[in-house]
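**Student:** mmCIF, C-alpha atoms, file run-v5.cif:
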```
data_work
#
loop_
_atom_site.label_atom_id
_atom_site.label_comp_id
_atom_site.auth_asym_id
_atom_site.auth_seq_id
_atom_site.Cartn_x
_atom_site.Cartn_y
_atom_site.Cartn_z
CA MET A 127 -20.66 75.98 -18.02
CA ASP A 128 -24.09 75.74 -19.62
CA PHE A 129 -26.74 73.06 -19.12
CA ASN A 130 -25.77 71.13 -22.32
CA GLY A 131 -22.16 70.93 -21.18
CA LYS A 132 -23.17 69.42 -17.83
CA ARG A 133 -25.44 66.93 -19.57
CA TRP A 134 -22.61 65.94 -21.91
CA ILE A 135 -20.23 65.39 -18.94
CA ARG A 136 -22.86 63.29 -17.08
CA SER A 137 -23.59 61.30 -20.21
CA ARG A 138 -19.87 60.66 -20.77
CA ARG A 139 -19.35 59.67 -17.11
CA ARG A 140 -22.35 57.30 -17.28
CA ARG A 141 -21.00 55.76 -20.51
CA CYS A 142 -17.56 55.22 -18.90
CA ILE A 143 -19.15 53.57 -15.87
CA LEU A 144 -21.28 51.29 -18.06
CA ILE A 145 -18.31 50.33 -20.25
CA SER A 146 -16.16 49.63 -17.13
CA LEU A 147 -18.98 47.55 -15.62
CA ALA A 148 -19.41 45.61 -18.89
CA ILE A 149 -15.64 44.89 -19.07
CA PHE A 150 -15.62 43.79 -15.42
CA LEU A 151 -18.62 41.46 -15.95
CA PHE A 152 -16.98 40.06 -19.11
CA ILE A 153 -13.77 39.27 -17.19
CA VAL A 154 -15.75 37.64 -14.34
CA LEU A 155 -17.76 35.60 -16.85
CA LEU A 156 -14.56 34.58 -18.66
CA PHE A 157 -12.99 33.36 -15.39
CA VAL A 158 -16.17 31.45 -14.49
CA ILE A 159 -16.22 29.74 -17.90
CA LEU A 160 -12.50 28.91 -17.69
CA GLY A 161 -12.94 27.68 -14.11
CA VAL A 162 -15.79 25.36 -15.11
CA THR A 163 -14.10 24.04 -18.26
CA VAL A 164 -10.34 24.39 -18.71
CA PHE A 165 -9.20 24.96 -15.13
CA ARG A 166 -11.75 22.71 -13.42
CA VAL A 167 -9.94 20.41 -11.01
CA ARG A 168 -10.30 16.75 -11.93
CA GLU A 169 -9.52 13.79 -9.70
CA ALA A 170 -6.01 12.44 -10.03
CA THR A 171 -6.04 8.63 -10.17
CA THR A 172 -3.73 5.85 -9.05
CA THR A 173 -3.91 2.50 -10.81
CA VAL A 174 -2.13 -0.73 -9.98
CA ASN A 175 -0.56 -2.13 -13.17
CA SER A 176 0.68 -5.33 -11.62
CA VAL A 177 1.43 -7.05 -8.34
CA LYS A 178 4.37 -9.43 -8.37
CA LEU A 179 5.96 -11.57 -5.76
CA GLY A 180 9.40 -10.07 -5.16
CA GLY A 181 10.48 -12.67 -2.64
CA PHE A 182 8.81 -15.57 -0.87
CA LYS A 183 10.02 -18.02 1.70
CA ALA A 184 7.67 -20.13 3.79
CA GLY A 185 8.37 -23.21 5.83
CA PHE A 186 7.74 -24.89 9.14
CA ASN A 187 10.25 -24.44 11.93
CA LEU A 188 9.84 -27.76 13.76
CA PRO A 189 12.24 -27.12 16.67
CA ASN A 190 10.34 -23.95 17.62
CA LEU A 191 6.94 -25.27 16.46
CA GLY A 192 6.34 -22.28 14.21
CA VAL A 193 6.24 -21.00 10.66
CA ASP A 194 9.07 -19.10 8.98
CA LEU A 195 7.65 -16.54 6.56
CA ASN A 196 9.31 -13.85 4.48
CA VAL A 197 7.23 -12.23 1.72
CA THR A 198 7.88 -9.16 -0.43
CA LEU A 199 5.27 -7.87 -2.88
CA ASP A 200 6.32 -5.55 -5.71
CA LEU A 201 3.58 -3.10 -6.71
CA ASP A 202 3.78 -1.38 -10.10
CA LEU A 203 1.66 1.80 -9.78
CA THR A 204 0.78 4.62 -12.18
CA ALA A 205 -0.47 7.97 -10.90
CA HIS A 206 -2.23 10.06 -13.59
CA ASN A 207 -2.92 13.79 -13.45
CA PRO A 208 -5.70 14.86 -15.89
CA ASN A 209 -5.54 18.52 -14.79
CA HIS A 210 -4.17 21.54 -16.68
CA ALA A 211 -1.87 22.21 -13.74
CA SER A 212 0.81 20.09 -12.08
CA PHE A 213 -0.09 17.70 -9.24
CA ARG A 214 2.40 17.84 -6.38
CA TYR A 215 2.14 14.93 -3.94
CA GLY A 216 3.71 14.47 -0.55
CA GLU A 217 5.12 11.42 1.14
CA SER A 218 2.65 8.61 0.61
CA SER A 219 2.30 5.02 1.70
CA ALA A 220 1.44 1.53 0.56
CA GLU A 221 0.15 -0.85 3.21
CA LEU A 222 -0.37 -4.60 3.27
CA PHE A 223 -3.14 -6.33 5.24
CA TYR A 224 -3.79 -9.97 6.12
CA LYS A 225 -7.29 -10.77 7.37
CA GLY A 226 -7.85 -7.14 8.36
CA SER A 227 -4.58 -6.65 10.28
CA GLN A 228 -1.77 -4.52 8.90
CA VAL A 229 1.27 -6.70 8.31
CA GLY A 230 3.42 -4.57 5.99
CA GLU A 231 4.15 -1.05 4.86
CA ALA A 232 6.26 0.85 2.35
CA ALA A 233 6.87 4.58 1.85
CA ILE A 234 6.28 6.28 -1.50
CA PRO A 235 8.59 9.31 -1.84
CA PRO A 236 7.13 12.75 -2.69
CA GLY A 237 7.10 13.99 -6.26
CA GLN A 238 5.31 15.95 -8.95
CA ILE A 239 3.27 14.98 -12.01
CA ASN A 240 3.10 17.52 -14.82
CA ALA A 241 -0.19 18.71 -16.29
CA GLY A 242 -1.87 15.87 -18.19
CA GLY A 243 1.02 13.53 -17.34
CA SER A 244 1.55 10.23 -15.56
CA GLU A 245 4.17 8.94 -13.15
CA ARG A 246 5.10 5.28 -12.79
CA MET A 247 6.19 4.03 -9.37
CA ASN A 248 7.58 0.70 -8.23
CA VAL A 249 7.03 -0.03 -4.55
CA SER A 250 8.26 -3.06 -2.59
CA VAL A 251 6.17 -3.95 0.46
CA THR A 252 7.78 -6.32 2.97
CA ILE A 253 5.65 -8.29 5.40
CA PHE A 254 6.29 -7.92 9.12
CA ALA A 255 6.58 -11.66 9.78
CA GLY A 256 6.31 -11.18 13.55
CA ARG A 257 2.74 -9.89 13.20
CA LEU A 258 1.71 -12.97 11.22
CA ILE A 259 3.29 -15.73 13.29
CA GLY A 260 0.72 -15.42 16.09
CA ASP A 261 -2.23 -15.73 13.67
CA SER A 262 -3.54 -19.32 13.72
CA ALA A 263 -5.26 -18.83 10.32
CA LEU A 264 -1.81 -18.41 8.75
CA TYR A 265 -0.92 -22.07 9.36
CA ASN A 266 -4.12 -23.26 7.69
CA ASP A 267 -3.57 -20.91 4.71
CA VAL A 268 0.04 -22.07 4.24
CA LEU A 269 -1.14 -25.71 4.32
CA SER A 270 -3.97 -24.95 1.84
CA GLY A 271 -1.43 -23.43 -0.54
CA SER A 272 -2.58 -19.81 -0.81
CA LEU A 273 -2.40 -16.62 1.22
CA VAL A 274 -4.78 -13.71 0.49
CA PHE A 275 -3.49 -10.20 1.16
CA GLN A 276 -4.98 -6.74 0.63
CA THR A 277 -2.82 -3.84 -0.49
CA THR A 278 -3.85 -0.22 -0.15
CA THR A 279 -2.12 2.91 -1.41
CA ARG A 280 -2.86 6.49 -0.38
CA ILE A 281 -1.32 9.43 -2.26
CA PRO A 282 -2.25 12.92 -0.98
CA GLY A 283 -1.41 15.90 -3.15
CA ARG A 284 -2.29 19.36 -4.35
CA VAL A 285 -3.17 20.95 -7.69
CA SER A 286 -2.41 24.67 -8.01
CA VAL A 287 -4.36 26.48 -10.77
CA LEU A 288 -2.64 29.66 -12.01
CA GLY A 289 -0.60 29.62 -8.80
CA ILE A 290 -3.63 31.06 -6.98
CA PHE A 291 -6.28 28.38 -6.48
CA LYS A 292 -5.03 25.35 -4.55
CA HIS A 293 -7.08 22.16 -4.42
CA HIS A 294 -6.22 19.12 -2.28
CA ILE A 295 -6.70 15.65 -3.78
CA VAL A 296 -6.16 12.23 -2.20
CA THR A 297 -6.07 9.14 -4.43
CA TYR A 298 -6.68 5.63 -3.07
CA SER A 299 -6.27 2.16 -4.53
CA SER A 300 -7.06 -1.18 -2.93
CA CYS A 301 -6.23 -4.64 -4.29
CA ASP A 302 -6.84 -8.22 -3.20
CA VAL A 303 -3.80 -10.38 -3.96
CA THR A 304 -3.62 -14.18 -3.73
CA VAL A 305 -0.12 -15.55 -3.19
CA ASN A 306 0.33 -19.16 -4.31
CA VAL A 307 2.60 -20.89 -1.79
CA SER A 308 3.76 -23.74 -4.05
CA SER A 309 4.51 -21.71 -7.23
CA ARG A 310 5.64 -18.64 -5.24
CA THR A 311 3.63 -16.28 -7.45
CA ALA A 312 0.95 -13.64 -6.97
CA ASP A 313 -1.90 -15.29 -8.86
CA ASN A 314 -4.59 -12.65 -9.17
CA SER A 315 -5.42 -9.16 -8.08
CA ASN A 316 -8.81 -7.49 -7.94
CA CYS A 317 -8.39 -3.70 -7.61
CA ARG A 318 -10.65 -0.78 -6.73
CA TYR A 319 -9.83 2.91 -7.16
CA ARG A 320 -11.20 6.18 -5.85
CA ALA A 321 -10.15 9.78 -5.33
CA LYS A 322 -11.30 12.47 -2.93
CA LEU A 323 -11.21 16.22 -3.62
#
```
In structure tokens, how does this file's structure come out?

**Tutor:**
Amino acid sequence: MDFNGKRWIRSRRRRCILISLAIFLFIVLLFVILGVTVFRVREATTTVNSVKLGGFKAGFNLPNLGVDLNVTLDLDLTAHNPNHASFRYGESSAELFYKGSQVGEAAIPPGQINAGGSERMNVSVTIFAGRLIGDSALYNDVLSGSLVFQTTTRIPGRVSVLGIFKHHIVTYSSCDVTVNVSSRTADNSNCRYRAKL
């Protein structure tokens, strides 16, 4: 083989390597652009649409010198998935607090929200009356006509992009709810939302 033939083979080999390298860099750049734009993981959100009083019974038990209390709050929640992949969430929970102490809890069953979709959930939280009876502030609040509760929801889940990249997301919501003793209604709710990737 003469010198020109060897040069031609080297030149062809170099051209193949450069073309392969350019294609590889183009594919990497394409995945980076898609990862930053289309397949970027966004925070799933949980919003509280309404808080209603499902059941309420309060009264004084004179023979035992105590208060009888049975309260159920119905939470109407919407979980939204803004991602281009489905959001699969595990067993979650809604908790109810009175003056910083947990007094109620409800389980939210696992499920899945399709890409760009929303899922509506109705959760009933029942108060553990036994935890409230020993609280002296409860008697004053019942006499004043309103009880203030805090509800929190926590929904952990996972977004899988192209079945390869898995990102964990936890959504939180927290609401202050005032229960009117005389009208047996949940008067107002002030809610805050956040998500953690």

**Student:** Quick one: of A:Asp267, A:Asp261, A:Glu169, A:Asp302, who's nearest to Ala205 (chain A), counting all atoms listed in the file?

**Tutor:**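 Between A:Asp267, A:Asp261, A:Glu169, A:Asp302, the residue approaching Ala205 (chain A) most closely is A:Glu169.
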
**Student:** Just the residues within 9 Å of Met247 (chain A), please, counting only C-alpha atoms, with nothing from its chain fewer than 2 positions along; format it as a ChimeraX atom specification.

**Tutor:** /A:201-205,234,245,249

**Student:** Check the smallest atom-to-atom distance from each of A:Leu264, A:Ile135, A:Val251, A:Ala321 to Thr297 (chain A) using all atoms listed in the file, then report the winner.

**Tutor:**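 So, comparing all the options, the nearest one is A:Ala321.
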
**Student:** Could you pull the residues within 12 Å of Ser286 (chain A), counting all atoms listed in the file, minus those fewer than 4 positions along the same chain, as an MDAnalysis selection string?

**Tutor:** chainID A and resid 165:168 209:215 238:241 290:295

**Student:** Have a look at A:Ile281, A:Val303, A:Ala263, A:Leu144 and name the one nearest to Cys317 (chain A); count only C-alpha atoms.

**Tutor:** A:Val303

**Student:** With all atoms listed in the file as the atoms that count, which of A:Ser176, A:Ser137, A:Ser270, A:Asn316 lies nearest to Arg246 (chain A)?

**Tutor:** A:Ser176

**Student:** Please, what distance in Å, to one decimal, runs between CA of Ala148 (chain A) and CA of Val287 (chain A)?

**Tutor:**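 Computing it gives 25.7 Å between the two atoms.
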
**Student:** Between CA of Leu273 (chain A) and CA of Gly181 (chain A), what is the distance in Å, rounded to a tenth?

**Tutor:** 14.0 Å

**Student:** Evaluate the PyMOL selection byres ((chain A and resi 301) around 10) here and jot the selected residues down as a short mmCIF file (atom, residue, chain, number, x, y, z; two decimals) with C-alpha atoms, keeping the file's coordinate frame.

**Tutor:**
```cif
data_model
loop_
_atom_site.label_atom_id
_atom_site.label_comp_id
_atom_site.auth_asym_id
_atom_site.auth_seq_id
_atom_site.Cartn_x
_atom_site.Cartn_y
_atom_site.Cartn_z
CA THR A 173 -3.91 2.50 -10.81
CA VAL A 174 -2.13 -0.73 -9.98
CA VAL A 177 1.43 -7.05 -8.34
CA LEU A 222 -0.37 -4.60 3.27
CA PHE A 275 -3.49 -10.20 1.16
CA GLN A 276 -4.98 -6.74 0.63
CA THR A 277 -2.82 -3.84 -0.49
CA THR A 278 -3.85 -0.22 -0.15
CA THR A 279 -2.12 2.91 -1.41
CA SER A 299 -6.27 2.16 -4.53
CA SER A 300 -7.06 -1.18 -2.93
CA ASP A 302 -6.84 -8.22 -3.20
CA VAL A 303 -3.80 -10.38 -3.96
CA THR A 304 -3.62 -14.18 -3.73
CA ASN A 314 -4.59 -12.65 -9.17
CA SER A 315 -5.42 -9.16 -8.08
CA ASN A 316 -8.81 -7.49 -7.94
CA CYS A 317 -8.39 -3.70 -7.61
CA ARG A 318 -10.65 -0.78 -6.73
CA TYR A 319 -9.83 2.91 -7.16
#
```

**Student:** Can you measure CA of Tyr265 (chain A) to CA of Asp200 (chain A) for me? One decimal in Å is fine.

**Tutor:** 23.5 Å

**Student:** I'd like to see the residues matched by the PyMOL selection byres ((chain A and resi 228) around 12) on this file, and ideally I'd get them as a PDB file with C-alpha atoms, in the frame of the given file.

**Tutor:**
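See part-v8.pdb below for the written result:
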```
ATOM      1  CA  ALA A 220       1.440   1.530   0.560  1.00  0.00           C
ATOM      2  CA  GLU A 221       0.150  -0.850   3.210  1.00  0.00           C
ATOM      3  CA  LEU A 222      -0.370  -4.600   3.270  1.00  0.00           C
ATOM      4  CA  PHE A 223      -3.140  -6.330   5.240  1.00  0.00           C
ATOM      5  CA  TYR A 224      -3.790  -9.970   6.120  1.00  0.00           C
ATOM      6  CA  LYS A 225      -7.290 -10.770   7.370  1.00  0.00           C
ATOM      7  CA  GLY A 226      -7.850  -7.140   8.360  1.00  0.00           C
ATOM      8  CA  SER A 227      -4.580  -6.650  10.280  1.00  0.00           C
ATOM      9  CA  VAL A 229       1.270  -6.700   8.310  1.00  0.00           C
ATOM     10  CA  GLY A 230       3.420  -4.570   5.990  1.00  0.00           C
ATOM     11  CA  GLU A 231       4.150  -1.050   4.860  1.00  0.00           C
ATOM     12  CA  ALA A 232       6.260   0.850   2.350  1.00  0.00           C
ATOM     13  CA  VAL A 251       6.170  -3.950   0.460  1.00  0.00           C
ATOM     14  CA  THR A 252       7.780  -6.320   2.970  1.00  0.00           C
ATOM     15  CA  ILE A 253       5.650  -8.290   5.400  1.00  0.00           C
ATOM     16  CA  PHE A 254       6.290  -7.920   9.120  1.00  0.00           C
ATOM     17  CA  ALA A 255       6.580 -11.660   9.780  1.00  0.00           C
ATOM     18  CA  GLY A 256       6.310 -11.180  13.550  1.00  0.00           C
ATOM     19  CA  ARG A 257       2.740  -9.890  13.200  1.00  0.00           C
ATOM     20  CA  LEU A 258       1.710 -12.970  11.220  1.00  0.00           C
ATOM     21  CA  PHE A 275      -3.490 -10.200   1.160  1.00  0.00           C
ATOM     22  CA  GLN A 276      -4.980  -6.740   0.630  1.00  0.00           C
ATOM     23  CA  THR A 277      -2.820  -3.840  -0.490  1.00  0.00           C
ATOM     24  CA  THR A 278      -3.850  -0.220  -0.150  1.00  0.00           C
TER      25      THR A 278
END
```

**Student:** Excluding Glu217 (chain A) and residues on its chain fewer than 2 positions from it, collect all residues at most 10 Å away from it, counting only C-alpha atoms, and give them as JSON, numbers by chain.

**Tutor:** {"A": [215, 219, 233, 234, 235, 236, 237, 280, 281, 282, 283]}

**Student:** For Gly180 (chain A), list every protein, DNA or RNA residue within 9 Å, evaluated using only C-alpha atoms, and leave out those in the same chain fewer than 2 positions away; present the list as a PyMOL selection string.

**Tutor:** chain A and resi 178+182+197-200+250-251+311

**Student:** Go ahead and write the selection's residues with C-alpha atoms as a short mmCIF file (atom, residue, chain, number, x, y, z; two decimals), in the frame of the given file.

**Tutor:**
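The result, stored in selection09.cif:
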```
data_model
loop_
_atom_site.label_atom_id
_atom_site.label_comp_id
_atom_site.auth_asym_id
_atom_site.auth_seq_id
_atom_site.Cartn_x
_atom_site.Cartn_y
_atom_site.Cartn_z
CA LYS A 178 4.37 -9.43 -8.37
CA PHE A 182 8.81 -15.57 -0.87
CA VAL A 197 7.23 -12.23 1.72
CA THR A 198 7.88 -9.16 -0.43
CA LEU A 199 5.27 -7.87 -2.88
CA ASP A 200 6.32 -5.55 -5.71
CA SER A 250 8.26 -3.06 -2.59
CA VAL A 251 6.17 -3.95 0.46
CA THR A 311 3.63 -16.28 -7.45
#
```

**Student:** When distances are computed from all atoms listed in the file, which of A:Leu151, A:Leu323, A:Val285, A:Leu269 shows the smallest separation from Val307 (chain A)?

**Tutor:** A:Leu269
